[in-house]
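Read the structure below first, then the notes.
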Amino acid sequence: MRHRSLLILTTVLTTGALTLTACGSRDEGGTTGGGTGGKKTTVIIGVDAPLTGDLSALGQGIKNSADLAAKTANKNNEVAGIEFKIEALDDQALPATGQANATSLVGNKDVVGVVGPLNSGVAQSMQGVFDSAKLTQVSPANTNPSLSQGDNWGKGEKKRTFKSYFRTATTDVIQGKFAANYLYNDAKKKKVFVVDDKQTYGVGLGSIFAEEFKKLGGQVVDTDHVTVKEKDFSSTANKIKSSGADSVYFGGQYPEGGLLSDQVKKAGATIPVMGGDGIYDPKFISASGTANDGDIATSVGFPVEQLDTAKKFIADYKAGGYKDPYAAYGGYSYDAAWSIIQAVKATVQANNGKLPENPREKVLEAMSKVAFDGVTGKVAFDEFGDTTNKQLTVYQVKGGEWKSVKSETFKD
């Protein structure tokens, strides 16, 4: 991916061997610049994700992909004199655990940036902790717009509350509208039943979808809610069957989404269930005991497997021997970690080849200028810390597998 040649910096870059001091766990024997044969300074990139529980398939992919970025940087000597490592913490998809993890990562002076979390609700509990410490946070998966644009974004009053927050995934403002346009204009569905899981991500995505669907001329025939970790959604399924809806939109994650799809079809409603990136996982399909061909999901970006920019990532991930797949957010996690690595690189180069005594603030300042061609395409951030990449894809279950059916750059 030629990472060295791709970073765009506004600072004049110094060259030559870099002598690094101050931050990090110093290996015995001291720290010297790369190419001198001396020991390197260890700099840690934190990772927060659900590494156990129902969403662990996504969380493990996030952790492994960030780990691969760190190992690639070390192999390439991306920042001379620095050895990158990750410290991965399990938030179990719980906000309280995420907040405790944030406090732990802030307390480790070697941590210069954090990749994660997966869930928008977890992110809400972490943002203030990171921001107070000026510790950079880059989520590969959060899509709720309020995280970057404030609670009044829907009224057009956008305000960046936490300057330490960035993300490589596009927001639900884009995803929800994209989904509504596809369901109404491409799938030709006109009467949708909207369900959410009462969580930050699901409620936000469902409401944005519903608003856009109605603007297009579609009808939201009814709405309902399910509870995370419950298994019996037959009441909701029966409501959907009797509503006359020709489709279902679900705001939530794949464990509940797969069960909902199964029970809707068992109730006799032979209609597609659609959702966002939260259901785009093979486990959505396996969670349903009934064939759910025709169900639809949107996800951020273009299919990684179809991107020329992702070929090396895919090959390196396979060669890395990771037990779990990189899953839906692998490419975005790699790019999130790489953006932190590039911010560290810029900080060192702007400081005469030395890492500042307290590097977090300088790394945070450098993040707003980071731009490079990554696994998922062009990686850069706007004034809110949101990705400038607005690419999305529609997937459909065909023959028991997710297949991409449409990819485009969405224009609001």
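Just remember, in the structure tokens the first chain shown is A, the second B, etc., residues are 1-based per chain, and ligands are 1-based in the order shown.
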| task | Excluding Glu305 (chain A) and any residue of its chain fewer than 5 positions from it, enumerate the residues within 12 Å of it, using only C-alpha atoms, and give them as JSON, numbers by chain. | result | {"A": [310, 311, 312, 313, 314, 315, 326, 327, 328, 330, 331, 375, 376, 403, 404]}
Same residues, N, CA and C atoms, output as a PDB file, in the first residue's frame:
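Everything below was put into result-v1.pdb:
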```pdb
ATOM      1  N   ALA A 310      -7.054  -2.841  -0.923  1.00  0.00           N
ATOM      2  CA  ALA A 310      -7.143  -3.760   0.215  1.00  0.00           C
ATOM      3  C   ALA A 310      -6.434  -5.086  -0.022  1.00  0.00           C
ATOM      4  N   LYS A 311      -5.885  -5.289  -1.197  1.00  0.00           N
ATOM      5  CA  LYS A 311      -5.297  -6.595  -1.512  1.00  0.00           C
ATOM      6  C   LYS A 311      -4.168  -6.961  -0.554  1.00  0.00           C
ATOM      7  N   LYS A 312      -3.297  -6.013  -0.274  1.00  0.00           N
ATOM      8  CA  LYS A 312      -2.179  -6.302   0.619  1.00  0.00           C
ATOM      9  C   LYS A 312      -2.669  -6.550   2.042  1.00  0.00           C
ATOM     10  N   PHE A 313      -3.658  -5.769   2.490  1.00  0.00           N
ATOM     11  CA  PHE A 313      -4.232  -5.982   3.819  1.00  0.00           C
ATOM     12  C   PHE A 313      -4.789  -7.398   3.948  1.00  0.00           C
ATOM     13  N   ILE A 314      -5.546  -7.823   2.958  1.00  0.00           N
ATOM     14  CA  ILE A 314      -6.155  -9.155   3.002  1.00  0.00           C
ATOM     15  C   ILE A 314      -5.082 -10.240   3.029  1.00  0.00           C
ATOM     16  N   ALA A 315      -4.063 -10.078   2.186  1.00  0.00           N
ATOM     17  CA  ALA A 315      -2.978 -11.070   2.141  1.00  0.00           C
ATOM     18  C   ALA A 315      -2.203 -11.090   3.453  1.00  0.00           C
ATOM     19  N   TYR A 326     -11.383 -10.733   9.696  1.00  0.00           N
ATOM     20  CA  TYR A 326     -11.346  -9.281   9.931  1.00  0.00           C
ATOM     21  C   TYR A 326     -12.745  -8.687   9.977  1.00  0.00           C
ATOM     22  N   ALA A 327     -13.719  -9.396   9.435  1.00  0.00           N
ATOM     23  CA  ALA A 327     -15.133  -9.040   9.547  1.00  0.00           C
ATOM     24  C   ALA A 327     -15.436  -7.673   8.937  1.00  0.00           C
ATOM     25  N   ALA A 328     -16.576  -7.099   9.316  1.00  0.00           N
ATOM     26  CA  ALA A 328     -17.091  -5.912   8.628  1.00  0.00           C
ATOM     27  C   ALA A 328     -16.211  -4.682   8.786  1.00  0.00           C
ATOM     28  N   GLY A 330     -12.758  -4.612   9.625  1.00  0.00           N
ATOM     29  CA  GLY A 330     -11.326  -4.847   9.616  1.00  0.00           C
ATOM     30  C   GLY A 330     -10.546  -3.767   8.891  1.00  0.00           C
ATOM     31  N   GLY A 331     -10.959  -3.452   7.682  1.00  0.00           N
ATOM     32  CA  GLY A 331     -10.269  -2.429   6.914  1.00  0.00           C
ATOM     33  C   GLY A 331     -10.298  -1.078   7.585  1.00  0.00           C
ATOM     34  N   VAL A 375      -6.525   1.227   3.318  1.00  0.00           N
ATOM     35  CA  VAL A 375      -7.171  -0.016   2.901  1.00  0.00           C
ATOM     36  C   VAL A 375      -8.537   0.266   2.288  1.00  0.00           C
ATOM     37  N   THR A 376      -9.284   1.171   2.893  1.00  0.00           N
ATOM     38  CA  THR A 376     -10.667   1.437   2.489  1.00  0.00           C
ATOM     39  C   THR A 376     -10.792   2.593   1.509  1.00  0.00           C
ATOM     40  N   LYS A 403     -24.147 -11.007  -0.436  1.00  0.00           N
ATOM     41  CA  LYS A 403     -23.574 -10.644  -1.728  1.00  0.00           C
ATOM     42  C   LYS A 403     -23.799  -9.144  -1.964  1.00  0.00           C
ATOM     43  N   SER A 404     -22.749  -8.464  -2.418  1.00  0.00           N
ATOM     44  CA  SER A 404     -22.904  -7.040  -2.708  1.00  0.00           C
ATOM     45  C   SER A 404     -23.748  -6.857  -3.973  1.00  0.00           C
TER      46      SER A 404
END
```
| task | Apply DSSP to the structure's backbone, then extract all residues of region 23-172 of chain A labelled alpha helix (DSSP H) and return them as a PyMOL selection string. | result | chain A and resi 56-76+95-107+120-132+146-149+172
Residue contacts of Thr409 (chain A) (12 Å, only C-alpha atoms) excluding same-chain residues fewer than 3 positions away, as an mmCIF file with all heavy atoms, in the first residue's frame:
```cif
data_model
loop_
_atom_site.group_PDB
_atom_site.id
_atom_site.type_symbol
_atom_site.label_atom_id
_atom_site.label_comp_id
_atom_site.auth_asym_id
_atom_site.auth_seq_id
_atom_site.Cartn_x
_atom_site.Cartn_y
_atom_site.Cartn_z
ATOM 1 N N THR A 170 -18.444 6.172 8.014
ATOM 2 C CA THR A 170 -19.360 7.277 7.776
ATOM 3 C C THR A 170 -20.544 7.215 8.729
ATOM 4 O O THR A 170 -20.766 6.206 9.399
ATOM 5 C CB THR A 170 -19.846 7.281 6.315
ATOM 6 O OG1 THR A 170 -20.438 8.547 6.013
ATOM 7 C CG2 THR A 170 -20.854 6.172 6.056
ATOM 8 N N ILE A 174 -25.742 9.536 6.553
ATOM 9 C CA ILE A 174 -25.493 9.040 5.202
ATOM 10 C C ILE A 174 -26.090 7.648 5.018
ATOM 11 O O ILE A 174 -26.804 7.382 4.045
ATOM 12 C CB ILE A 174 -23.977 9.006 4.922
ATOM 13 C CG1 ILE A 174 -23.346 10.377 5.169
ATOM 14 C CG2 ILE A 174 -23.709 8.531 3.505
ATOM 15 C CD1 ILE A 174 -23.862 11.478 4.303
ATOM 16 N N GLN A 175 -25.833 6.748 5.962
ATOM 17 C CA GLN A 175 -26.271 5.368 5.813
ATOM 18 C C GLN A 175 -27.789 5.234 5.809
ATOM 19 O O GLN A 175 -28.358 4.478 5.007
ATOM 20 C CB GLN A 175 -25.674 4.488 6.920
ATOM 21 C CG GLN A 175 -26.039 3.022 6.753
ATOM 22 C CD GLN A 175 -25.348 2.102 7.743
ATOM 23 O OE1 GLN A 175 -25.205 0.919 7.473
ATOM 24 N NE2 GLN A 175 -24.915 2.627 8.869
ATOM 25 N N PHE A 178 -29.164 6.578 2.535
ATOM 26 C CA PHE A 178 -28.766 5.650 1.473
ATOM 27 C C PHE A 178 -29.675 4.426 1.480
ATOM 28 O O PHE A 178 -30.148 3.965 0.423
ATOM 29 C CB PHE A 178 -27.311 5.257 1.698
ATOM 30 C CG PHE A 178 -26.764 4.252 0.719
ATOM 31 C CD1 PHE A 178 -26.561 4.584 -0.611
ATOM 32 C CD2 PHE A 178 -26.423 2.976 1.140
ATOM 33 C CE1 PHE A 178 -26.034 3.655 -1.512
ATOM 34 C CE2 PHE A 178 -25.896 2.046 0.251
ATOM 35 C CZ PHE A 178 -25.706 2.391 -1.077
ATOM 36 N N VAL A 300 -20.859 0.476 5.596
ATOM 37 C CA VAL A 300 -19.991 1.581 5.223
ATOM 38 C C VAL A 300 -18.929 1.106 4.239
ATOM 39 O O VAL A 300 -18.433 -0.009 4.334
ATOM 40 C CB VAL A 300 -19.324 2.198 6.464
ATOM 41 C CG1 VAL A 300 -20.380 2.821 7.362
ATOM 42 C CG2 VAL A 300 -18.535 1.152 7.254
ATOM 43 N N GLY A 301 -18.592 1.966 3.287
ATOM 44 C CA GLY A 301 -17.527 1.678 2.347
ATOM 45 C C GLY A 301 -17.919 0.705 1.259
ATOM 46 O O GLY A 301 -19.049 0.222 1.181
ATOM 47 N N PHE A 302 -16.957 0.426 0.389
ATOM 48 C CA PHE A 302 -17.115 -0.574 -0.650
ATOM 49 C C PHE A 302 -16.601 -1.915 -0.125
ATOM 50 O O PHE A 302 -15.819 -1.949 0.825
ATOM 51 C CB PHE A 302 -16.340 -0.173 -1.900
ATOM 52 C CG PHE A 302 -16.910 1.039 -2.616
ATOM 53 C CD1 PHE A 302 -16.213 1.625 -3.651
ATOM 54 C CD2 PHE A 302 -18.131 1.580 -2.256
ATOM 55 C CE1 PHE A 302 -16.718 2.739 -4.323
ATOM 56 C CE2 PHE A 302 -18.654 2.689 -2.911
ATOM 57 C CZ PHE A 302 -17.938 3.266 -3.951
ATOM 58 N N GLY A 377 -9.688 3.133 1.055
ATOM 59 C CA GLY A 377 -9.713 4.282 0.157
ATOM 60 C C GLY A 377 -9.017 5.467 0.804
ATOM 61 O O GLY A 377 -8.156 5.306 1.672
ATOM 62 N N THR A 388 -14.040 11.684 5.510
ATOM 63 C CA THR A 388 -14.483 12.332 4.281
ATOM 64 C C THR A 388 -14.929 11.298 3.246
ATOM 65 O O THR A 388 -15.410 11.659 2.173
ATOM 66 C CB THR A 388 -13.359 13.195 3.684
ATOM 67 O OG1 THR A 388 -12.203 12.381 3.452
ATOM 68 C CG2 THR A 388 -12.985 14.335 4.639
ATOM 69 N N ASN A 389 -14.791 10.022 3.565
ATOM 70 C CA ASN A 389 -15.176 8.929 2.677
ATOM 71 C C ASN A 389 -16.660 8.604 2.880
ATOM 72 O O ASN A 389 -17.059 8.129 3.943
ATOM 73 C CB ASN A 389 -14.313 7.697 2.976
ATOM 74 C CG ASN A 389 -14.524 6.569 1.982
ATOM 75 O OD1 ASN A 389 -15.585 6.430 1.387
ATOM 76 N ND2 ASN A 389 -13.510 5.726 1.817
ATOM 77 N N LYS A 390 -17.483 8.858 1.877
ATOM 78 C CA LYS A 390 -18.936 8.657 1.971
ATOM 79 C C LYS A 390 -19.401 7.459 1.142
ATOM 80 O O LYS A 390 -20.537 7.413 0.686
ATOM 81 C CB LYS A 390 -19.676 9.910 1.500
ATOM 82 C CG LYS A 390 -19.190 11.213 2.110
ATOM 83 C CD LYS A 390 -19.357 11.269 3.613
ATOM 84 C CE LYS A 390 -18.924 12.623 4.156
ATOM 85 N NZ LYS A 390 -18.933 12.681 5.630
ATOM 86 N N GLN A 391 -18.544 6.479 0.983
ATOM 87 C CA GLN A 391 -18.884 5.311 0.177
ATOM 88 C C GLN A 391 -19.691 4.307 0.999
ATOM 89 O O GLN A 391 -19.382 4.059 2.161
ATOM 90 C CB GLN A 391 -17.620 4.648 -0.360
ATOM 91 C CG GLN A 391 -16.799 5.546 -1.272
ATOM 92 C CD GLN A 391 -15.442 4.976 -1.608
ATOM 93 O OE1 GLN A 391 -14.914 4.135 -0.877
ATOM 94 N NE2 GLN A 391 -14.864 5.424 -2.701
ATOM 95 N N LEU A 392 -20.702 3.730 0.372
ATOM 96 C CA LEU A 392 -21.529 2.719 1.030
ATOM 97 C C LEU A 392 -21.881 1.616 0.052
ATOM 98 O O LEU A 392 -21.808 1.793 -1.160
ATOM 99 C CB LEU A 392 -22.822 3.329 1.590
ATOM 100 C CG LEU A 392 -22.654 4.385 2.675
ATOM 101 C CD1 LEU A 392 -22.993 5.753 2.127
ATOM 102 C CD2 LEU A 392 -23.523 4.071 3.882
ATOM 103 N N THR A 393 -22.321 0.495 0.606
ATOM 104 C CA THR A 393 -22.675 -0.662 -0.212
ATOM 105 C C THR A 393 -23.954 -1.314 0.316
ATOM 106 O O THR A 393 -24.170 -1.376 1.531
ATOM 107 C CB THR A 393 -21.533 -1.697 -0.218
ATOM 108 O OG1 THR A 393 -20.377 -1.111 -0.825
ATOM 109 C CG2 THR A 393 -21.901 -2.956 -0.996
ATOM 110 N N VAL A 394 -24.777 -1.787 -0.605
ATOM 111 C CA VAL A 394 -25.948 -2.602 -0.266
ATOM 112 C C VAL A 394 -25.575 -4.064 -0.477
ATOM 113 O O VAL A 394 -24.995 -4.426 -1.504
ATOM 114 C CB VAL A 394 -27.159 -2.250 -1.151
ATOM 115 C CG1 VAL A 394 -28.328 -3.187 -0.842
ATOM 116 C CG2 VAL A 394 -27.581 -0.802 -0.945
ATOM 117 N N LYS A 406 -24.941 -3.292 -4.768
ATOM 118 C CA LYS A 406 -24.810 -1.915 -5.232
ATOM 119 C C LYS A 406 -23.846 -1.149 -4.334
ATOM 120 O O LYS A 406 -23.959 -1.202 -3.121
ATOM 121 C CB LYS A 406 -26.188 -1.196 -5.213
ATOM 122 C CG LYS A 406 -26.148 0.235 -5.737
ATOM 123 C CD LYS A 406 -27.531 0.866 -5.721
ATOM 124 C CE LYS A 406 -27.486 2.285 -6.284
ATOM 125 N NZ LYS A 406 -28.838 2.906 -6.310
ATOM 126 N N ASP A 412 -25.553 13.804 -0.450
ATOM 127 C CA ASP A 412 -26.769 14.251 0.229
ATOM 128 C C ASP A 412 -27.455 15.341 -0.583
ATOM 129 O O ASP A 412 -26.807 16.236 -1.103
ATOM 130 C CB ASP A 412 -26.381 14.805 1.607
ATOM 131 C CG ASP A 412 -27.596 14.961 2.504
ATOM 132 O OD1 ASP A 412 -28.712 14.717 2.022
ATOM 133 O OD2 ASP A 412 -27.411 15.331 3.667
#
```
| field | Exercise: region 62-74 of chain A partners within 7 Å, only C-alpha atoms, chain neighbours under 3 positions left out, as number ranges by chain | value | A: 47, 58-59, 77-78, 83-86, 88, 317, 322, 326, 329-330, 333-334, 337-338
| task | Find the spatial neighbours of Gly218 (chain A), counting only C-alpha atoms, within a cut-off of 8 Å - ignore same-chain residues fewer than 3 positions away - and output them as a list in words. | result | Tyr184, Lys189, Lys190, Lys191, Val192, Phe213, Lys214 and Lys215 of chain A
| message | At a cut-off of 10 Å, using only C-alpha atoms, what residues contact Val138 (chain A)? Leave out same-chain residues fewer than 6 positions from it and give the result as a VMD selection string. | response | chain A and resid 47 113 to 117 164 to 169 332 to 333 335 to 337 339 to 340 367 385 to 386
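Going from CA of Phe130 (chain A) over to CA of Leu205 (chain A), you cover 25.1 Å.
Distances here use only C-alpha atoms; by that measure, the residue among A:Val221, A:Phe233, A:Thr161, A:Glu211 closest to Val173 (chain A) is A:Glu211.
Counting only C-alpha atoms, the residue from A:Lys362, A:Lys75, A:Lys241, A:Lys318 that sits nearest to Ala350 (chain A) is A:Lys362.
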